[in-house]
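Okay, input.cif now, which holds mmCIF, C-alpha atoms:
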```
data_model
loop_
_atom_site.label_atom_id
_atom_site.label_comp_id
_atom_site.auth_asym_id
_atom_site.auth_seq_id
_atom_site.Cartn_x
_atom_site.Cartn_y
_atom_site.Cartn_z
CA MET G 1 -134.07 -278.47 121.48
CA GLN G 2 -135.01 -282.03 122.38
CA PHE G 3 -131.67 -282.42 124.12
CA LEU G 4 -132.21 -279.21 126.11
CA THR G 5 -135.55 -280.57 127.29
CA LYS G 6 -133.78 -283.68 128.52
CA VAL G 7 -131.25 -281.52 130.38
CA VAL G 8 -134.10 -279.81 132.22
CA GLU G 9 -135.98 -283.04 132.95
CA THR G 10 -132.95 -285.11 134.00
CA PRO G 11 -131.88 -284.99 137.68
CA ASP G 12 -128.57 -283.18 138.16
CA ASP G 13 -126.76 -286.30 139.35
CA ARG G 14 -127.72 -288.04 136.07
CA HIS G 15 -126.26 -285.39 133.76
CA LYS G 16 -123.05 -287.41 133.29
CA ASN G 17 -125.10 -290.38 132.10
CA LEU G 18 -127.03 -288.11 129.75
CA TYR G 19 -123.77 -286.82 128.26
CA SER G 20 -122.31 -290.32 127.84
CA TYR G 21 -125.47 -291.73 126.29
CA HIS G 22 -125.72 -289.04 123.63
CA LEU G 23 -121.97 -289.09 123.00
CA ASN G 24 -122.02 -292.83 122.28
CA HIS G 25 -125.06 -292.43 120.04
CA TYR G 26 -123.35 -289.60 118.15
CA LEU G 27 -120.08 -291.48 117.68
CA SER G 28 -121.84 -294.59 116.40
CA HIS G 29 -124.13 -292.83 113.92
CA ILE G 30 -122.10 -289.94 112.50
CA ASP G 31 -119.24 -290.33 110.00
CA ASP G 32 -115.98 -288.58 110.99
CA ALA G 33 -117.44 -288.00 114.45
CA SER G 34 -115.26 -287.09 117.40
CA GLU G 35 -115.92 -286.31 121.03
CA TYR G 36 -114.34 -282.88 120.54
CA LEU G 37 -116.92 -281.91 117.89
CA PHE G 38 -119.73 -283.35 120.00
CA PHE G 39 -118.50 -281.44 123.05
CA THR G 40 -118.05 -278.08 121.33
CA ASN G 41 -121.44 -278.28 119.59
CA LEU G 42 -123.12 -279.17 122.86
CA LEU G 43 -121.32 -276.37 124.68
CA HIS G 44 -122.42 -273.84 122.07
CA LEU G 45 -126.01 -275.10 122.25
CA VAL G 46 -126.24 -274.86 126.03
CA LYS G 47 -124.45 -271.52 126.38
CA ASN G 48 -126.58 -270.04 123.61
CA GLN G 49 -129.77 -271.19 125.37
CA ILE G 50 -128.58 -269.68 128.65
CA GLU G 51 -128.16 -266.32 126.88
CA ILE G 52 -131.65 -266.66 125.41
CA GLU G 53 -133.09 -267.19 128.88
CA LYS G 54 -131.16 -264.22 130.23
CA LEU G 55 -132.42 -261.93 127.45
CA LYS G 56 -136.07 -262.75 128.05
CA ASP G 57 -137.99 -259.75 129.39
CA LYS G 58 -139.05 -261.13 132.76
CA LYS G 59 -141.57 -258.31 133.18
CA LYS G 60 -143.54 -259.59 130.22
CA LEU G 61 -143.56 -263.17 131.46
CA SER G 62 -146.28 -264.62 133.61
CA ALA G 63 -145.31 -265.77 137.09
CA GLY G 64 -145.25 -269.34 135.84
CA GLY G 65 -143.28 -268.41 132.72
CA LYS G 66 -140.70 -266.52 134.78
CA LYS G 67 -140.32 -269.45 137.16
CA TRP G 68 -139.96 -271.87 134.24
CA SER G 69 -137.34 -269.68 132.55
CA GLU G 70 -135.30 -269.39 135.75
CA LYS G 71 -135.51 -273.14 136.30
CA ASN G 72 -134.32 -273.84 132.75
CA GLN G 73 -131.41 -271.43 133.08
CA ALA G 74 -130.36 -272.97 136.40
CA LYS G 75 -130.46 -276.49 134.90
CA TYR G 76 -128.39 -275.42 131.90
CA GLU G 77 -125.79 -273.85 134.16
CA VAL G 78 -125.61 -277.05 136.22
CA PHE G 79 -125.11 -278.98 133.01
CA LEU G 80 -122.22 -276.66 132.12
CA ASN G 81 -120.45 -278.06 135.19
CA THR G 82 -120.85 -281.53 133.72
CA LEU G 83 -119.37 -280.30 130.45
CA LYS G 84 -116.50 -278.76 132.39
CA GLU G 85 -115.70 -282.18 133.83
CA HIS G 86 -115.54 -283.63 130.30
CA ASP G 87 -113.45 -280.77 128.90
CA LYS G 88 -110.26 -282.62 127.96
CA TRP G 89 -109.19 -279.80 125.68
CA GLY G 90 -109.44 -276.78 127.97
CA VAL G 91 -112.14 -275.19 125.82
CA MET G 92 -113.96 -273.84 128.86
CA ASN G 93 -110.85 -272.75 130.74
CA THR G 94 -110.57 -269.14 131.81
CA GLU G 95 -107.51 -267.15 130.76
CA SER G 96 -106.10 -267.67 134.25
CA GLU G 97 -106.61 -271.44 133.99
CA ARG G 98 -105.03 -271.53 130.52
CA ASN G 99 -102.02 -269.58 131.79
CA LYS G 100 -101.70 -271.92 134.76
CA LYS G 101 -101.84 -274.96 132.48
CA LEU G 102 -99.25 -273.41 130.16
CA LEU G 103 -96.92 -272.67 133.07
CA GLY G 104 -97.33 -276.25 134.23
CA GLN G 105 -96.37 -277.53 130.77
CA VAL G 106 -93.32 -275.24 130.73
CA GLU G 107 -92.23 -276.51 134.14
CA SER G 108 -92.73 -280.09 132.99
CA LEU G 109 -90.57 -279.46 129.91
CA LYS G 110 -87.89 -277.84 132.07
CA LYS G 111 -87.85 -280.89 134.33
CA ARG G 112 -87.63 -283.26 131.39
CA LEU G 113 -84.79 -281.21 129.95
CA ALA G 114 -83.00 -281.21 133.30
CA ASP G 115 -83.43 -284.99 133.57
CA THR G 116 -81.89 -285.57 130.14
CA THR G 117 -79.11 -282.97 130.35
CA VAL G 118 -75.92 -283.92 132.19
CA LYS G 119 -74.57 -281.11 134.33
CA HIS G 120 -71.01 -279.93 133.72
CA GLN G 121 -69.64 -281.39 136.96
CA TYR G 122 -70.99 -284.86 136.10
CA LYS G 123 -69.62 -285.10 132.58
CA ILE G 124 -66.72 -287.40 131.72
CA ASN G 125 -63.54 -285.41 131.20
CA ILE G 126 -61.00 -286.23 128.48
CA LYS G 127 -57.97 -285.49 130.64
CA ASN G 128 -55.29 -287.19 128.51
CA GLY G 129 -56.04 -286.59 124.87
CA ARG G 130 -58.23 -284.55 122.56
CA LYS G 131 -61.87 -284.63 121.55
CA GLU G 132 -60.75 -285.91 118.15
CA HIS G 133 -59.45 -289.08 119.84
CA LEU G 134 -62.85 -289.63 121.46
CA ILE G 135 -64.75 -288.93 118.23
CA ALA G 136 -62.46 -291.32 116.36
CA LEU G 137 -63.12 -293.94 119.06
CA PHE G 138 -66.88 -293.54 118.58
CA ASP G 139 -66.35 -293.74 114.83
CA GLU G 140 -64.51 -297.01 115.43
CA ILE G 141 -67.40 -298.28 117.57
CA MET G 142 -69.82 -297.39 114.79
CA GLY G 143 -67.90 -299.63 112.44
CA VAL G 144 -67.83 -302.70 114.68
CA GLU G 145 -69.13 -305.76 112.85
CA ASN G 146 -72.27 -307.63 113.85
CA PRO G 147 -71.10 -310.47 116.14
CA SER G 148 -74.17 -312.61 115.44
CA THR G 149 -73.82 -313.06 111.68
CA ASP G 150 -71.29 -314.25 109.15
CA ASN G 151 -72.05 -311.28 106.94
CA GLU G 152 -69.09 -308.98 107.57
CA SER G 153 -70.83 -306.10 105.81
CA ASP G 154 -73.31 -305.84 108.68
CA ASN G 155 -72.61 -303.43 111.51
CA PHE G 156 -73.34 -304.01 115.19
CA LEU G 157 -74.69 -300.46 115.63
CA SER G 158 -76.42 -297.94 113.39
CA TRP G 159 -74.00 -295.49 111.79
CA THR G 160 -76.64 -293.32 110.14
CA ALA G 161 -77.67 -291.51 113.35
CA SER G 162 -74.82 -288.99 113.18
CA LYS G 163 -76.51 -286.33 115.29
CA THR G 164 -77.34 -288.88 117.99
CA TRP G 165 -73.69 -289.86 118.27
CA ALA G 166 -72.74 -286.18 118.38
CA LYS G 167 -75.27 -285.53 121.16
CA ILE G 168 -73.77 -288.34 123.24
CA ILE G 169 -70.38 -286.65 123.09
CA ALA G 170 -71.60 -283.08 123.60
CA ASN G 171 -73.91 -284.02 126.46
CA HIS G 172 -71.62 -286.42 128.32
CA PHE G 173 -67.99 -285.44 127.72
CA LEU G 174 -65.61 -282.55 128.34
CA GLU G 175 -62.27 -281.77 126.74
CA ASN G 176 -59.87 -280.68 129.48
CA GLU G 177 -62.84 -279.48 131.57
CA LYS G 178 -64.29 -277.52 128.63
CA GLU G 179 -67.61 -278.17 126.95
CA ILE G 180 -67.65 -279.78 123.51
CA PRO G 181 -70.17 -277.84 121.36
CA LEU G 182 -72.81 -279.99 119.70
CA GLU G 183 -72.25 -278.35 116.33
CA THR G 184 -68.53 -279.20 116.53
CA ALA G 185 -69.32 -282.85 117.23
CA VAL G 186 -71.95 -282.98 114.47
CA ASN G 187 -69.44 -281.64 111.93
CA TYR G 188 -67.17 -284.60 112.59
CA PHE G 189 -69.93 -287.19 112.31
CA ASP G 190 -71.54 -285.80 109.16
CA GLY G 191 -68.18 -285.47 107.41
CA THR G 192 -67.98 -281.66 107.38
CA THR G 193 -64.80 -281.87 109.48
CA LYS G 194 -62.42 -284.72 108.71
CA LEU G 195 -60.48 -286.77 111.24
CA ASN G 196 -56.75 -287.20 110.68
CA ASP G 197 -54.96 -290.53 110.87
CA SER G 198 -53.23 -289.29 114.02
CA ASP G 199 -56.66 -288.94 115.67
CA ARG G 200 -57.33 -292.66 115.28
CA ALA G 201 -55.47 -293.89 118.35
CA PHE G 202 -57.75 -296.86 119.00
CA THR G 203 -58.71 -300.01 117.10
CA ILE G 204 -61.61 -302.26 118.03
CA LYS G 205 -61.71 -305.77 116.66
CA LEU G 206 -64.36 -308.47 116.90
CA LYS G 207 -63.11 -311.14 119.30
CA GLN G 208 -65.58 -313.86 118.36
CA ARG G 209 -68.46 -314.14 115.94
CA GLY G 210 -71.55 -315.95 117.14
CA LYS G 211 -73.34 -318.73 115.34
#
```
Represent the structure from my file as structure tokens, please.
Amino acid sequence: MQFLTKVVETPDDRHKNLYSYHLNHYLSHIDDASEYLFFTNLLHLVKNQIEIEKLKDKKKLSAGGKKWSEKNQAKYEVFLNTLKEHDKWGVMNTESERNKKLLGQVESLKKRLADTTVKHQYKINIKNGRKEHLIALFDEIMGVENPSTDNESDNFLSWTASKTWAKIIANHFLENEKEIPLETAVNYFDGTTKLNDSDRAFTIKLKQRGK
């Protein structure tokens, strides 16, 4: 209740300072404190007090008591606007606002997906050969030795990220203008489908090892 008194007594343009002051005090004195808990508790306190003021029988109040109750309610509602400005979590959002935010997130995901997905017409086409030749070439690349060490057991690139290699092929290459399914590519890289010796048309050798 002491906080509610401060809300009433504090000028509207100082409500943000009031919020920040009590938030900092709360965070520095309470174990496992978080702004979210502070915010939701404060929101509940203020909204509950607004309902209390609304439920008061104004007919039974004196003129001064009615005026005081209306003033308090108005101040609490102004403070709700301050809370709205600090609502990082959308707690106070209406259903319409939540739907709008969700649609925005969906559109953002669609854009990100579009930015990371290569369209069919921009993919590299294997016009003379088969997907197995390309997969074998990538397998050869995976086995290239580290050029900066004398330890021949070291590889230049990681060979454990099989799905990543498969995604590169599925997302960037075509076989005679046809898509290469991701699952098909994954099967080759995880060993489910084996490459034949005839698929290994390319050999990559280390030209020079660094010091």
(request) List the residues matched by the PyMOL selection byres ((chain G and resi 39) around 12) in the displayed structure as a ChimeraX atom specification, ordered by chain and then by residue number. (result) /G:19-20,22-24,26-27,33-38,40-46,80,82-92
(request) Identify, on the basis of all atoms listed in the file, every residue whose closest approach to G:Gly143 does not exceed 9 Å; exclude the query and any residue fewer than 5 positions from it along the same chain; express the result as a list in words. (result) Phe138, Asn155, Phe156, Leu157, Ser158, Trp159 and Ile204 of chain G
(request) Run through the PyMOL selection byres ((chain G and resi 195-199) around 9) on the given coordinates and return the selected residues as number ranges by chain. (result) G: 130-137, 188, 191, 193-194, 200-202
(message) Show me, as an MDAnalysis selection string, the residues that have an atom within 12 Å of stretch 110-115 of chain G when counting all atoms listed in the file, minus same-chain residues fewer than 6 positions from it.
(response) chainID G and resid 103:104 171
Output check: residues returned by the PyMOL selection byres ((chain G and resi 170) around 9), as a PDB file with C-alpha atoms, in the frame of the given file:
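Here's the written file out03.pdb:
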```pdb
ATOM      1  CA  TRP G 165     -73.690-289.860 118.270  1.00  0.00           C
ATOM      2  CA  ALA G 166     -72.740-286.180 118.380  1.00  0.00           C
ATOM      3  CA  LYS G 167     -75.270-285.530 121.160  1.00  0.00           C
ATOM      4  CA  ILE G 168     -73.770-288.340 123.240  1.00  0.00           C
ATOM      5  CA  ILE G 169     -70.380-286.650 123.090  1.00  0.00           C
ATOM      6  CA  ASN G 171     -73.910-284.020 126.460  1.00  0.00           C
ATOM      7  CA  HIS G 172     -71.620-286.420 128.320  1.00  0.00           C
ATOM      8  CA  PHE G 173     -67.990-285.440 127.720  1.00  0.00           C
ATOM      9  CA  LEU G 174     -65.610-282.550 128.340  1.00  0.00           C
ATOM     10  CA  GLU G 179     -67.610-278.170 126.950  1.00  0.00           C
ATOM     11  CA  ILE G 180     -67.650-279.780 123.510  1.00  0.00           C
ATOM     12  CA  PRO G 181     -70.170-277.840 121.360  1.00  0.00           C
ATOM     13  CA  LEU G 182     -72.810-279.990 119.700  1.00  0.00           C
ATOM     14  CA  GLU G 183     -72.250-278.350 116.330  1.00  0.00           C
ATOM     15  CA  THR G 184     -68.530-279.200 116.530  1.00  0.00           C
ATOM     16  CA  ALA G 185     -69.320-282.850 117.230  1.00  0.00           C
TER      17      ALA G 185
END
```
(request) Excluding G:Glu77 and any residue of its chain fewer than 2 positions from it, enumerate the residues within 12 Å of it, using only C-alpha atoms, and give them as a ChimeraX atom specification. (result) /G:4,7-8,12,15,43,45-51,53-54,70-75,79-84
Keeping only C-alpha atoms, take the residues you just selected and write them out as a tab-separated table (two decimals), in the coordinates of the input.
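Saved the output as out.tsv:
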```
chain	number	residue	atom	x	y	z
G	4	LEU	CA	-132.21	-279.21	126.11
G	7	VAL	CA	-131.25	-281.52	130.38
G	8	VAL	CA	-134.10	-279.81	132.22
G	12	ASP	CA	-128.57	-283.18	138.16
G	15	HIS	CA	-126.26	-285.39	133.76
G	43	LEU	CA	-121.32	-276.37	124.68
G	45	LEU	CA	-126.01	-275.10	122.25
G	46	VAL	CA	-126.24	-274.86	126.03
G	47	LYS	CA	-124.45	-271.52	126.38
G	48	ASN	CA	-126.58	-270.04	123.61
G	49	GLN	CA	-129.77	-271.19	125.37
G	50	ILE	CA	-128.58	-269.68	128.65
G	51	GLU	CA	-128.16	-266.32	126.88
G	53	GLU	CA	-133.09	-267.19	128.88
G	54	LYS	CA	-131.16	-264.22	130.23
G	70	GLU	CA	-135.30	-269.39	135.75
G	71	LYS	CA	-135.51	-273.14	136.30
G	72	ASN	CA	-134.32	-273.84	132.75
G	73	GLN	CA	-131.41	-271.43	133.08
G	74	ALA	CA	-130.36	-272.97	136.40
G	75	LYS	CA	-130.46	-276.49	134.90
G	79	PHE	CA	-125.11	-278.98	133.01
G	80	LEU	CA	-122.22	-276.66	132.12
G	81	ASN	CA	-120.45	-278.06	135.19
G	82	THR	CA	-120.85	-281.53	133.72
G	83	LEU	CA	-119.37	-280.30	130.45
G	84	LYS	CA	-116.50	-278.76	132.39
```
(request) Mind giving me the straight-line distance from atom CA of G:Val118 to atom CA of G:Thr192 in Å, one decimal? (result) 26.1 Å
(request) Rank nothing, just name the residue among G:Asn128, G:Thr164, G:Asn146, G:Thr203 nearest to G:Asn176, using all atoms listed in the file. (result) G:Asn128
